[in-house]
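Heads up, model.txt below (compact mmCIF, C-alpha atoms and all ligand atoms):
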# COMPACT_ATOMS: atom_id res chain seq x y z
CA MET Z 1 194.21 130.52 140.08
CA ASN Z 2 190.89 132.20 139.50
CA CYS Z 3 188.42 130.70 137.17
CA PRO Z 4 187.29 133.10 134.48
CA HIS Z 5 186.19 130.43 132.04
CA THR Z 6 183.45 128.73 133.95
CA ALA Z 7 180.31 130.11 135.49
CA ALA Z 8 181.54 129.27 138.99
CA ALA Z 9 184.39 127.23 140.40
CA PRO Z 10 183.21 123.72 139.54
CA ALA Z 11 181.83 121.80 142.44
CA GLY Z 12 184.16 119.08 143.56
CA ARG Z 13 187.20 120.98 142.40
CA SER Z 14 189.90 119.51 144.53
CA THR Z 15 192.59 121.26 146.39
CA GLY Z 16 195.95 119.70 145.80
CA ALA Z 17 195.33 119.23 142.11
CA VAL Z 18 198.33 119.83 139.86
CA VAL Z 19 197.57 123.05 138.02
CA ILE Z 20 198.52 122.69 134.36
CA ASP Z 21 200.29 125.89 133.34
CA PRO Z 22 198.76 127.43 130.21
CA MET Z 23 202.04 129.25 129.59
CA VAL Z 24 204.09 126.00 129.68
CA ARG Z 25 206.91 127.65 131.64
CA ASP Z 26 208.34 124.47 133.15
CA LEU Z 27 207.27 121.36 131.30
CA ASP Z 28 209.80 119.03 132.93
CA GLY Z 29 208.97 120.32 136.41
CA GLU Z 30 205.27 119.89 135.73
CA THR Z 31 205.80 116.37 134.39
CA SER Z 32 207.65 115.37 137.60
CA ARG Z 33 204.95 116.94 139.75
CA LEU Z 34 202.33 114.96 137.88
CA ARG Z 35 204.24 111.72 138.31
CA ASP Z 36 204.74 112.47 142.01
CA ALA Z 37 201.02 113.14 142.39
CA GLY Z 38 200.30 109.48 141.66
CA VAL Z 39 199.31 106.91 139.08
CA LEU Z 40 196.05 108.75 138.80
CA ALA Z 41 196.49 112.45 139.55
CA ARG Z 42 194.00 115.25 139.97
CA ILE Z 43 194.69 118.13 137.62
CA ASP Z 44 193.27 121.58 137.13
CA LEU Z 45 192.80 122.67 133.52
CA LEU Z 46 192.05 126.41 133.63
CA GLY Z 47 189.79 125.90 136.61
CA VAL Z 48 188.23 122.66 135.37
CA PRO Z 49 189.07 119.50 137.34
CA ALA Z 50 189.97 116.20 135.72
CA TRP Z 51 191.93 113.06 136.40
CA THR Z 52 195.09 112.25 134.56
CA VAL Z 53 196.86 108.95 134.25
CA THR Z 54 200.63 109.24 134.53
CA ARG Z 55 201.87 105.63 134.20
CA HIS Z 56 202.29 103.39 131.19
CA ALA Z 57 200.63 100.21 132.52
CA GLU Z 58 197.54 101.92 133.93
CA ALA Z 59 197.15 104.14 130.88
CA ARG Z 60 197.28 101.07 128.66
CA GLN Z 61 194.59 99.45 130.74
CA LEU Z 62 192.36 102.55 130.69
CA LEU Z 63 192.79 102.96 126.92
CA LEU Z 64 191.27 99.49 126.53
CA ASP Z 65 188.48 100.11 129.02
CA GLN Z 66 185.12 100.47 127.27
CA ARG Z 67 183.68 102.24 130.30
CA LEU Z 68 185.67 105.29 129.22
CA VAL Z 69 184.17 107.08 126.23
CA LYS Z 70 184.90 110.16 124.11
CA ASP Z 71 181.30 111.40 123.96
CA ILE Z 72 181.25 114.79 125.71
CA ASP Z 73 177.66 114.19 126.83
CA ALA Z 74 179.04 111.62 129.26
CA TRP Z 75 180.80 114.46 131.13
CA GLU Z 76 178.97 115.59 134.25
CA LEU Z 77 180.56 119.07 134.22
CA TRP Z 78 179.31 119.57 130.65
CA ARG Z 79 175.85 118.13 131.20
CA SER Z 80 175.33 120.36 134.22
CA GLY Z 81 176.49 123.45 132.33
CA VAL Z 82 179.51 124.12 134.56
CA VAL Z 83 181.81 123.74 131.54
CA THR Z 84 180.63 125.64 128.49
CA ARG Z 85 181.97 126.71 125.09
CA ALA Z 86 183.59 129.61 126.95
CA TRP Z 87 186.26 127.24 128.31
CA PRO Z 88 189.39 127.64 126.14
CA LEU Z 89 190.02 123.88 125.87
CA ILE Z 90 186.52 122.97 124.70
CA GLY Z 91 187.66 122.72 121.05
CA MET Z 92 189.92 119.81 122.03
CA ILE Z 93 186.85 117.78 123.02
CA ASP Z 94 183.73 119.17 121.35
CA ALA Z 95 185.21 118.87 117.85
CA GLY Z 96 182.20 117.55 115.92
CA ARG Z 97 181.31 113.99 115.04
CA SER Z 98 184.35 112.08 113.76
CA MET Z 99 186.51 109.07 114.48
CA PHE Z 100 188.07 111.21 117.24
CA THR Z 101 184.85 111.66 119.21
CA VAL Z 102 182.91 108.40 118.78
CA ASP Z 103 183.40 104.87 120.16
CA GLY Z 104 182.39 101.28 119.50
CA ALA Z 105 180.91 100.03 116.23
CA GLU Z 106 180.22 103.58 115.03
CA HIS Z 107 183.86 104.42 115.60
CA ARG Z 108 184.99 101.50 113.45
CA ARG Z 109 182.61 102.66 110.72
CA LEU Z 110 184.08 106.19 110.84
CA ARG Z 111 187.70 105.10 110.99
CA THR Z 112 188.15 102.11 108.66
CA LYS Z 113 188.86 103.94 105.41
CA THR Z 114 191.31 106.32 107.03
CA SER Z 115 193.33 103.60 108.70
CA GLN Z 116 193.33 101.54 105.49
CA ALA Z 117 194.70 104.51 103.55
CA LEU Z 118 197.57 104.89 106.02
CA THR Z 119 199.02 101.40 106.26
CA PRO Z 120 202.80 101.14 105.78
CA ARG Z 121 202.22 99.43 102.42
CA ARG Z 122 199.90 102.15 101.11
CA LEU Z 123 202.32 104.80 102.35
CA GLU Z 124 205.11 103.47 100.14
CA ALA Z 125 203.24 105.05 97.24
CA ILE Z 126 203.56 108.54 98.70
CA ARG Z 127 207.12 108.23 100.01
CA PRO Z 128 208.61 109.74 96.80
CA ALA Z 129 206.39 112.80 97.18
CA ILE Z 130 207.51 113.21 100.80
CA GLU Z 131 211.13 113.02 99.63
CA GLU Z 132 210.47 115.65 97.00
CA PHE Z 133 208.81 118.02 99.51
CA THR Z 134 211.77 117.51 101.80
CA GLU Z 135 214.32 118.45 99.13
CA GLU Z 136 212.28 121.50 98.18
CA LEU Z 137 212.15 122.67 101.79
CA LEU Z 138 215.88 122.07 102.28
CA ASP Z 139 216.47 124.43 99.36
CA GLN Z 140 214.22 126.97 101.03
CA LEU Z 141 216.13 126.56 104.27
CA GLU Z 142 219.35 127.44 102.49
CA ALA Z 143 217.74 130.38 100.72
CA GLY Z 144 215.99 131.60 103.88
CA ARG Z 145 219.11 132.41 105.91
CA ASP Z 146 219.40 135.97 107.19
CA GLU Z 147 222.57 138.08 107.01
CA ASN Z 148 223.96 136.15 110.01
CA GLY Z 149 223.22 132.81 108.41
CA VAL Z 150 220.33 132.10 110.80
CA VAL Z 151 217.08 130.45 109.69
CA ASP Z 152 214.09 129.16 111.67
CA LEU Z 153 213.96 125.40 111.20
CA LYS Z 154 210.40 125.35 112.50
CA ALA Z 155 208.86 127.94 110.19
CA VAL Z 156 210.77 126.96 107.06
CA PHE Z 157 211.07 123.18 107.40
CA ALA Z 158 209.33 121.31 110.26
CA GLN Z 159 206.02 123.13 109.92
CA PRO Z 160 205.48 123.17 106.13
CA LEU Z 161 206.49 119.53 105.59
CA PRO Z 162 203.64 117.85 107.48
CA MET Z 163 201.20 120.44 106.10
CA LYS Z 164 202.25 119.57 102.54
CA VAL Z 165 201.94 115.86 103.25
CA VAL Z 166 198.54 115.94 104.91
CA GLY Z 167 197.38 118.50 102.34
CA MET Z 168 198.32 116.17 99.49
CA LEU Z 169 196.70 113.21 101.20
CA MET Z 170 193.41 114.98 101.94
CA GLY Z 171 193.36 117.15 98.81
CA VAL Z 172 193.83 120.59 100.39
CA ASP Z 173 195.28 123.01 97.87
CA GLU Z 174 198.73 124.54 98.57
CA SER Z 175 197.22 128.03 98.43
CA GLN Z 176 195.35 127.22 101.68
CA HIS Z 177 198.29 125.89 103.68
CA ALA Z 178 199.41 129.24 105.13
CA MET Z 179 195.84 130.00 106.21
CA LEU Z 180 195.52 126.61 107.95
CA THR Z 181 198.86 126.99 109.71
CA ARG Z 182 197.82 130.42 110.97
CA GLN Z 183 194.40 129.21 112.13
CA TYR Z 184 195.74 126.18 113.98
CA LYS Z 185 198.45 128.27 115.61
CA ALA Z 186 195.72 130.55 116.96
CA PHE Z 187 193.49 127.60 117.85
CA PHE Z 188 196.14 125.95 120.05
CA SER Z 189 197.56 129.12 121.64
CA MET Z 190 196.19 129.95 125.07
CA LEU Z 191 196.84 133.64 124.31
CA THR Z 192 193.99 133.62 121.77
CA PRO Z 193 190.79 135.02 123.30
CA GLN Z 194 188.07 132.38 123.36
CA ASP Z 195 185.63 134.33 121.15
CA GLU Z 196 188.34 134.47 118.47
CA ARG Z 197 189.01 130.75 118.85
CA LEU Z 198 185.32 129.92 118.44
CA ALA Z 199 185.13 132.21 115.40
CA LEU Z 200 188.11 130.59 113.71
CA LEU Z 201 186.71 127.11 114.36
CA ALA Z 202 183.50 128.21 112.66
CA GLU Z 203 185.51 129.54 109.70
CA LEU Z 204 187.39 126.25 109.47
CA ASP Z 205 184.10 124.34 109.48
CA VAL Z 206 182.93 126.41 106.52
CA PHE Z 207 186.22 125.81 104.71
CA TYR Z 208 186.11 122.04 105.22
CA ALA Z 209 182.42 121.79 104.35
CA GLU Z 210 183.14 123.57 101.06
CA LEU Z 211 185.98 121.19 100.29
CA VAL Z 212 183.72 118.21 100.98
CA ARG Z 213 181.02 119.63 98.71
CA GLU Z 214 183.58 120.18 95.94
CA ARG Z 215 184.82 116.59 96.18
CA THR Z 216 181.27 115.27 96.31
CA ALA Z 217 180.59 117.00 92.99
CA ARG Z 218 183.99 116.11 91.50
CA PRO Z 219 185.83 113.28 93.27
CA ALA Z 220 189.62 113.36 93.04
CA ASP Z 221 192.37 110.96 93.97
CA ASP Z 222 192.52 111.84 97.66
CA LEU Z 223 191.34 110.52 101.00
CA THR Z 224 188.59 113.14 101.31
CA SER Z 225 186.99 111.75 98.13
CA ALA Z 226 187.45 108.19 99.38
CA LEU Z 227 185.69 109.11 102.64
CA ILE Z 228 182.73 110.49 100.69
CA LEU Z 229 182.28 107.47 98.43
CA ALA Z 230 180.27 104.62 99.88
CA GLU Z 231 181.76 101.17 100.03
CA GLU Z 232 179.86 98.72 97.82
CA GLY Z 233 176.73 97.90 99.77
CA GLY Z 234 178.02 99.94 102.72
CA GLU Z 235 176.67 102.90 104.63
CA PRO Z 236 178.29 106.13 103.39
CA LEU Z 237 179.54 108.65 105.95
CA THR Z 238 177.39 111.74 106.37
CA GLU Z 239 178.74 115.13 105.33
CA GLU Z 240 179.22 116.03 109.00
CA GLU Z 241 181.24 112.84 109.54
CA VAL Z 242 183.45 113.43 106.49
CA VAL Z 243 184.06 117.01 107.62
CA GLY Z 244 184.85 115.79 111.14
CA ASN Z 245 187.35 113.23 109.91
CA LEU Z 246 188.91 115.69 107.47
CA LYS Z 247 189.50 118.33 110.11
CA ALA Z 248 190.79 115.77 112.60
CA MET Z 249 193.27 114.52 110.00
CA VAL Z 250 194.49 117.97 109.03
CA ALA Z 251 194.76 119.20 112.63
CA ALA Z 252 196.49 116.05 113.85
CA GLY Z 253 198.67 115.51 110.80
CA HIS Z 254 199.88 119.06 110.80
CA GLU Z 255 200.31 119.73 114.51
CA THR Z 256 202.02 116.64 115.87
CA THR Z 257 204.69 115.75 113.30
CA ILE Z 258 206.17 119.26 113.65
CA GLY Z 259 206.97 118.32 117.22
CA LEU Z 260 208.42 114.94 116.31
CA VAL Z 261 210.85 116.37 113.75
CA LEU Z 262 211.91 119.40 115.82
CA ASN Z 263 212.21 117.49 119.08
CA ALA Z 264 214.43 114.90 117.39
CA VAL Z 265 216.72 117.60 115.97
CA ARG Z 266 216.88 119.33 119.34
CA ALA Z 267 217.64 116.08 121.20
CA LEU Z 268 220.44 115.21 118.77
CA LEU Z 269 222.00 118.67 118.88
CA SER Z 270 222.05 118.57 122.66
CA HIS Z 271 223.43 114.98 122.68
CA PRO Z 272 226.24 115.26 120.11
CA ASP Z 273 227.67 111.84 121.00
CA GLN Z 274 224.40 110.25 119.92
CA LEU Z 275 224.22 112.36 116.77
CA ARG Z 276 227.73 111.07 115.94
CA MET Z 277 226.59 107.48 116.38
CA VAL Z 278 223.79 108.02 113.87
CA LEU Z 279 225.91 109.87 111.35
CA ASP Z 280 228.60 107.17 111.64
CA GLY Z 281 226.02 104.45 111.06
CA GLU Z 282 226.35 102.95 114.55
CA ALA Z 283 222.70 103.65 115.30
CA ASP Z 284 219.77 104.12 112.96
CA TRP Z 285 217.25 106.91 112.47
CA ASP Z 286 214.43 104.70 113.65
CA ALA Z 287 216.10 104.55 117.06
CA VAL Z 288 216.23 108.36 117.13
CA ILE Z 289 212.59 108.63 116.14
CA GLU Z 290 211.31 106.12 118.69
CA GLU Z 291 213.40 107.53 121.54
CA THR Z 292 212.26 111.05 120.68
CA LEU Z 293 208.64 109.90 120.67
CA ARG Z 294 209.13 108.42 124.15
CA TRP Z 295 211.23 111.17 125.71
CA ASP Z 296 209.77 114.35 124.24
CA THR Z 297 206.22 113.46 123.16
CA PRO Z 298 204.54 115.80 120.64
CA THR Z 299 201.32 115.45 122.62
CA THR Z 300 201.66 116.31 126.30
CA HIS Z 301 198.05 115.73 127.37
CA LEU Z 302 195.27 114.07 125.38
CA LEU Z 303 191.82 115.46 126.25
CA MET Z 304 189.52 113.73 127.18
CA ARG Z 305 187.62 110.57 128.01
CA PHE Z 306 184.65 110.22 130.39
CA ALA Z 307 183.69 107.46 132.79
CA THR Z 308 180.27 105.90 132.17
CA GLU Z 309 180.64 103.92 135.42
CA ASP Z 310 182.87 104.15 138.49
CA ILE Z 311 186.32 102.84 137.56
CA THR Z 312 188.87 101.84 140.17
CA VAL Z 313 192.54 102.41 139.42
CA GLY Z 314 194.84 101.39 142.29
CA ASP Z 315 193.36 103.08 145.33
CA GLU Z 316 191.55 105.83 143.49
CA VAL Z 317 188.09 105.75 141.96
CA ILE Z 318 187.16 107.66 138.82
CA ARG Z 319 183.49 108.45 139.40
CA GLU Z 320 180.88 108.11 136.70
CA GLY Z 321 180.77 111.36 134.74
CA GLU Z 322 184.35 112.43 135.54
CA GLY Z 323 186.91 113.30 132.88
CA VAL Z 324 190.22 111.50 132.29
CA VAL Z 325 193.23 112.95 130.48
CA ILE Z 326 196.09 110.78 129.20
CA SER Z 327 199.40 112.48 130.00
CA TYR Z 328 201.67 111.03 127.35
CA ARG Z 329 204.75 112.98 128.41
CA ALA Z 330 204.57 111.61 131.96
CA ILE Z 331 203.86 108.13 130.60
CA GLY Z 332 206.97 108.24 128.41
CA ARG Z 333 209.04 109.01 131.51
CA ASP Z 334 207.61 106.08 133.51
CA VAL Z 335 210.49 104.41 135.40
CA GLU Z 336 208.54 101.15 135.73
CA GLN Z 337 208.37 100.92 131.97
CA HIS Z 338 211.69 102.47 130.95
CA GLY Z 339 213.97 102.13 133.97
CA PRO Z 340 215.42 104.56 136.53
CA ASP Z 341 217.05 106.69 133.83
CA ALA Z 342 213.74 107.30 132.03
CA ASP Z 343 214.42 111.05 132.09
CA ALA Z 344 217.53 110.62 129.93
CA PHE Z 345 217.51 110.69 126.13
CA ASP Z 346 219.27 107.51 125.00
CA ILE Z 347 218.79 106.10 121.52
CA THR Z 348 220.37 102.80 122.60
CA ARG Z 349 217.75 102.29 125.31
CA PRO Z 350 216.36 98.74 125.02
CA THR Z 351 212.76 99.90 125.69
CA ARG Z 352 212.80 102.75 123.16
CA ASN Z 353 210.18 101.01 120.99
CA ARG Z 354 207.95 100.18 123.93
CA HIS Z 355 206.43 103.63 124.32
CA MET Z 356 202.76 104.44 123.96
CA THR Z 357 203.03 107.90 122.43
CA PHE Z 358 200.58 107.09 119.63
CA GLY Z 359 198.05 105.81 122.14
CA HIS Z 360 196.68 102.33 122.42
CA GLY Z 361 193.45 100.48 121.73
CA PRO Z 362 190.72 101.45 119.27
CA HIS Z 363 191.75 105.11 118.99
CA ILE Z 364 195.46 104.43 118.47
CA CYS Z 365 196.82 107.07 116.10
CA PRO Z 366 195.88 106.10 112.52
CA GLY Z 367 198.65 108.40 111.26
CA ALA Z 368 201.47 106.79 113.25
CA ALA Z 369 203.10 105.13 110.23
CA LEU Z 370 202.74 108.32 108.20
CA SER Z 371 204.48 110.46 110.81
CA ARG Z 372 207.27 107.89 111.04
CA VAL Z 373 207.78 108.01 107.27
CA GLU Z 374 207.87 111.81 107.41
CA ALA Z 375 210.45 111.87 110.21
CA ALA Z 376 212.49 109.05 108.65
CA THR Z 377 212.65 111.10 105.44
CA ALA Z 378 213.16 114.55 106.94
CA LEU Z 379 215.85 113.79 109.53
CA PRO Z 380 218.46 111.96 107.42
CA ALA Z 381 217.91 114.41 104.54
CA LEU Z 382 218.39 117.39 106.84
CA PHE Z 383 221.58 116.10 108.46
CA GLY Z 384 222.77 114.70 105.12
CA ARG Z 385 222.56 118.12 103.51
CA PHE Z 386 223.75 120.06 106.58
CA PRO Z 387 226.00 117.80 108.68
CA GLY Z 388 227.21 120.86 110.61
CA LEU Z 389 223.68 121.95 111.58
CA ARG Z 390 223.64 123.67 114.97
CA LEU Z 391 221.46 125.85 117.14
CA ALA Z 392 221.95 129.58 116.66
CA VAL Z 393 221.06 130.31 120.31
CA PRO Z 394 221.77 128.44 123.57
CA ASP Z 395 219.33 125.55 124.04
CA GLU Z 396 217.87 127.17 127.20
CA GLU Z 397 216.62 130.04 125.08
CA ILE Z 398 214.28 127.83 123.08
CA THR Z 399 210.81 128.54 124.46
CA LYS Z 400 207.60 126.56 124.37
CA LEU Z 401 204.45 128.06 122.96
CA PRO Z 402 201.57 128.63 125.39
CA VAL Z 403 199.78 125.46 124.27
CA MET Z 404 198.48 123.19 127.01
CA THR Z 405 198.05 119.93 125.15
CA GLN Z 406 200.84 119.96 122.57
CA ASN Z 407 204.60 120.18 123.08
CA ASP Z 408 205.30 123.01 120.74
CA MET Z 409 208.36 125.26 120.34
CA ALA Z 410 207.98 128.92 119.40
CA ALA Z 411 210.90 128.79 116.97
CA PHE Z 412 214.10 126.83 116.39
CA PRO Z 413 216.79 129.13 114.95
CA VAL Z 414 219.70 127.24 113.41
CA LEU Z 415 222.93 127.76 111.51
CA LEU Z 416 223.37 125.38 108.61
CA ASP Z 417 227.16 125.05 108.29
C1 LIG C 501 191.72 119.94 116.92
C2 LIG C 501 190.51 120.73 116.55
C3 LIG C 501 189.70 120.06 115.49
O1 LIG C 501 189.07 120.71 114.69
C4 LIG C 501 189.70 118.64 115.45
C5 LIG C 501 190.48 117.87 116.28
C6 LIG C 501 190.34 116.40 116.28
C7 LIG C 501 191.68 115.71 116.26
C8 LIG C 501 192.60 116.20 117.36
C9 LIG C 501 192.79 117.72 117.22
C10 LIG C 501 191.44 118.47 117.27
C11 LIG C 501 193.79 118.22 118.26
C12 LIG C 501 195.12 117.46 118.22
C13 LIG C 501 194.90 115.97 118.33
C14 LIG C 501 193.95 115.55 117.23
C15 LIG C 501 194.06 114.05 117.23
C16 LIG C 501 195.52 113.79 117.47
C17 LIG C 501 196.12 115.11 117.96
C18 LIG C 501 194.39 115.61 119.72
C19 LIG C 501 190.78 118.38 118.66
C20 LIG C 501 197.10 114.86 119.06
O2 LIG C 501 197.64 115.74 119.64
C21 LIG C 501 197.46 113.47 119.40
As structure tokens - that is how I would like this structure written.
Amino acid sequence: MNCPHTAAAPAGRSTGAVVIDPMVRDLDGETSRLRDAGVLARIDLLGVPAWTVTRHAEARQLLLDQRLVKDIDAWELWRSGVVTRAWPLIGMIDAGRSMFTVDGAEHRRLRTKTSQALTPRRLEAIRPAIEEFTEELLDQLEAGRDENGVVDLKAVFAQPLPMKVVGMLMGVDESQHAMLTRQYKAFFSMLTPQDERLALLAELDVFYAELVRERTARPADDLTSALILAEEGGEPLTEEEVVGNLKAMVAAGHETTIGLVLNAVRALLSHPDQLRMVLDGEADWDAVIEETLRWDTPTTHLLMRFATEDITVGDEVIREGEGVVISYRAIGRDVEQHGPDADAFDITRPTRNRHMTFGHGPHICPGAALSRVEAATALPALFGRFPGLRLAVPDEEITKLPVMTQNDMAAFPVLLD
């Protein structure tokens, strides 16, 4: 593959690296190639080399290793100017100061309020609202059928639900949801030219900064306002930090739960025996959710961490300054962790809860419990209302969007009866 995004082919770019396909034409094939390439595999991300970790145990260990940091200035290819803002994946890493990009004591300072707002106990308070959104969207699903009875479960249900939830939580008005969905779709798509991506990120920064200024002037009952207000005697977050956290929450909350809900529906429809078990009460929805998280992870690759010292993993050495990706899809299919049938979807699997799809260590997903509540509300309500739900096209015709880091379907057309 040529390398249009960097000034020159980066020095040290290895031959034999697994090239990550920006068009996501064969995700399962790519996942097996990554696993075959080793515990630590060399990958090529649009011409930029990195390591990826493909096994559960070693990923767990690296996610606890303080020698790996999120600070982009620890990346040799960035410091030397080989990787620039012209690289289409830069927005996944250089996303402003927030809990997503900082480590150590500063990270705890940036993250505490968010994780406290998202504990299972605090989430009980918003469960009724999630149920209400779900019912509303199920009505829209029914009303949205075309003359053949077909409706896109993604556009009408799986996509708006997490947007409504994270919008309510952060205080983003409903009138802005369609704009945000459109912007993030363009942000993640590899078909978007990089100058357009950089422009939309700048527009989003303006939007979020305005929201933060509004809440600073007039605090409301939302997490954005809570992030602005200083703890008694504590250090308040700066405006840049509040904006960073806000955009991380909206991007993450909106983009990942779509995958969880849709992937669970798709897995059940293609494994009707297991759907039966759930509908007959022989298995519970939590089993579906956890097995879906393991088997068909919403996040394929998490970019990126950087080594501040040489780190040995098995017989490979990550050199100081090199980048490390966590390949959650490969990790979920680890046979050491989940057994020889790790590639099979099986809600009765004993290890279904022992996945690492939300990460591990200090950066473990603060929204994990929230996404579980969303899925545990959406899935039973959907199949409760439409027990005969089925795909309107053969499963092989469902295509992935050209998004390198997320596992994202283009559409999911269904029949409701
Ligand atoms: C998107 C662009 C942006 O403005 C801010 C962020 C920070 C949080 C990131 C998000 C990103 C991309 C999707 C991520 C999310 C955190 C969790 C989510 C990586 C870079 C996952 O896919 C797990």
Once you add 6 Å to each side, what are the centre and edge lengths of the axis-aligned box holding all listed atoms of ligand LIG 501 (chain C)? One decimal in Å, as AutoDock Vina command-line options, if you can.
--center_x 193.4 --center_y 117.1 --center_z 117.2 --size_x 20.6 --size_y 19.3 --size_z 17.0
### Of the listed residues Z:Leu62, Z:Ala307, Z:Ala74, Z:Ala287, that which approaches Z:Gly361 most closely, counting only C-alpha atoms
Z:Leu62
### Query
Could you list, as a ChimeraX atom specification, all the residues within 9 Å of ligand LIG 501 (chain C), counting all atoms listed in the file?
/Z:90-96,98-101,184,187-188,201,204-205,244-256,298-303,357-359,365,367,405-407
#### Entry: Distance in Å - atom CA of Z:Glu76 versus atom CA of Z:Gly321
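About the pair atom CA of Z:Glu76 and atom CA of Z:Gly321: they are 4.6 Å apart.
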### Task
Tell me which of Z:Ala155, Z:Leu279, Z:Val53, Z:Val317 sits closest to Z:Thr31, counting only C-alpha atoms.
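For Z:Thr31, the nearest of the given residues is Z:Val53.
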### Message
With distances taken over all atoms listed in the file, which residue among Z:Val19, Z:Leu416, Z:Leu46, Z:Leu153 lies nearest Z:Arg33?
### Response
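Checking each candidate against Z:Arg33, we get Z:Val19 as the closest.
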#### Entry: Which residue of Z:Ser270, Z:Thr216, Z:Gln159, Z:Ser115 approaches Z:Ala344 most closely, using all atoms listed in the file
Z:Ser270
Neighbours of stretch 129-142 of chain Z within 8 Å (all atoms listed in the file; same-chain residues fewer than 3 positions away dropped), as an mmCIF file with C-alpha atoms, in the frame of the given file?
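The file below, around_31.cif, is the result:
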data_model
loop_
_atom_site.group_PDB
_atom_site.id
_atom_site.type_symbol
_atom_site.label_atom_id
_atom_site.label_comp_id
_atom_site.auth_asym_id
_atom_site.auth_seq_id
_atom_site.Cartn_x
_atom_site.Cartn_y
_atom_site.Cartn_z
ATOM 1 C CA ILE Z 126 203.560 108.540 98.700
ATOM 2 C CA ARG Z 145 219.110 132.410 105.910
ATOM 3 C CA VAL Z 151 217.080 130.450 109.690
ATOM 4 C CA LEU Z 153 213.960 125.400 111.200
ATOM 5 C CA VAL Z 156 210.770 126.960 107.060
ATOM 6 C CA PHE Z 157 211.070 123.180 107.400
ATOM 7 C CA PRO Z 160 205.480 123.170 106.130
ATOM 8 C CA LEU Z 161 206.490 119.530 105.590
ATOM 9 C CA LYS Z 164 202.250 119.570 102.540
ATOM 10 C CA VAL Z 165 201.940 115.860 103.250
ATOM 11 C CA GLU Z 374 207.870 111.810 107.410
ATOM 12 C CA THR Z 377 212.650 111.100 105.440
ATOM 13 C CA ALA Z 378 213.160 114.550 106.940
ATOM 14 C CA ALA Z 381 217.910 114.410 104.540
ATOM 15 C CA LEU Z 382 218.390 117.390 106.840
ATOM 16 C CA ARG Z 385 222.560 118.120 103.510
ATOM 17 C CA LEU Z 416 223.370 125.380 108.610
#
### Summary
atom CA of Z:Val403 sits from atom CA of Z:Asp65 at a separation of 28.2 Å
### Query
Hey, which of Z:Thr308, Z:Thr292, Z:Thr224, Z:Thr297 ends up closest to Z:Leu169? Count all atoms listed in the file.
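Once distances to Z:Leu169 are computed over all atoms listed in the file, the minimum belongs to Z:Thr224.
Between atom CA of Z:Leu223 and atom CA of Z:Asp71 the interatomic distance comes to 25.1 Å.
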